[in-house]
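K.L.:
Structure in structure tokens, see below.
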Amino acid sequence: MIAADLSRLLTEALYLVLLVSGPPLLVSLVVGLVVGLLQAMTQVQEQTLTFVPKLVAVGVVITVLGGWMGAEVVRFTSQLWTSIPVLVH
């Protein structure tokens with residue numbers, strides 16, 4: 001019983017990590033691809049050029065979705081704290 005509960009919590013934790021980190025990573029990937037294509041078309045090969053647009057895009061995503069991300073982490077943490085007595089007993 002306890003092993004099943006721990007397995008479920010671990011699965012939920014990994015799913016939460018994917019869910020919360022997905023949007024910033026996806027946006028960073030798309031912006032990096034677009035900037036890379038623009039660099040290839042214009043033949044400008046400045047390595048630092050990709051950093052600023054990615055930073056701004058990820059900042060915007062975190063600003064827009066930060067409340068939801070925080071709420072999901074708080075929900076999971078609250079669920080984890082309430083399940084501790086069941087796991088210990």
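By order of appearance in the structure tokens: chains A, B, ..., then residues from 1 within every chain, and ligands from 1 in the order shown.
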Output as a Markdown table one row per residue of region 8-51 of chain A within 10 Å of region 71-82 of chain A: the closest atom pair and its distance in Å to one decimal place, counting only C-alpha atoms, sorted by chain and residue number ascending.

P.N.:
| residue | atom | partner | partner_atom | distance |
| --- | --- | --- | --- | --- |
| A:Leu9 | CA | A:Leu80 | CA | 7.7 |
| A:Glu12 | CA | A:Phe76 | CA | 8.2 |
| A:Ala13 | CA | A:Phe76 | CA | 7.7 |
| A:Leu16 | CA | A:Val73 | CA | 7.5 |
| A:Val17 | CA | A:Val73 | CA | 9.0 |
| A:Leu19 | CA | A:Glu72 | CA | 9.1 |
| A:Val20 | CA | A:Glu72 | CA | 7.9 |

K.L.:
Which one of A:Leu18, A:Met41, A:Leu29, A:Ile2 sits closest to Ala57 (chain A) if you count only C-alpha atoms?

P.N.:
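Checking each candidate against Ala57 (chain A), we get A:Leu29 as the closest.
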
K.L.:
Using only C-alpha atoms, find the one residue out of A:Val52, A:Arg8, A:Val88, A:Ser21 that sits nearest to Gly70 (chain A).

P.N.:
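Going through A:Val52, A:Arg8, A:Val88, A:Ser21 one by one, the smallest distance to Gly70 (chain A) is for A:Ser21.
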
K.L.:
Can you pull out the residues contacting Val61 (chain A)? Cut-off 8 Å, using only C-alpha atoms, and skip same-chain residues under 5 positions away; I want them as a list in words.

P.N.:
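In the requested format, the answer is Pro23, Pro24, Val27 and Gly66 of chain A.
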
K.L.:
Just the residues within 9 Å of Leu55 (chain A), please, counting only C-alpha atoms, with nothing from its chain fewer than 5 positions along; format it as a ChimeraX atom specification.

P.N.:
/A:28,50,60

K.L.:
Could you tell me which of A:Val86, A:Gly67, A:Val30, A:Thr42 comes closest to Lys54 (chain A) if we count only C-alpha atoms?

P.N.:
A:Val30

K.L.:
Determine the nearest neighbour of Leu49 (chain A) from the options A:His89, A:Ile62, A:Ser7, A:Val35, counting only C-alpha atoms.

P.N.:
A:Val35

K.L.:
Please measure the separation of CA of Pro53 (chain A) and CA of Gly32 (chain A), giving the value in Å to one decimal.

P.N.:
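That distance, rounded to one decimal, is 8.0 Å.
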
K.L.:
To one decimal place, how far is CA of Leu65 (chain A) from CA of Tyr15 (chain A) in Å?

P.N.:
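These atoms are spaced 17.1 Å apart.
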
K.L.:
Could you jot down the CA of Val56 (chain A) to CA of Val44 (chain A) separation for me, Å, one decimal place?

P.N.:
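Pair CA of Val56 (chain A) / CA of Val44 (chain A) returns 20.2 Å.
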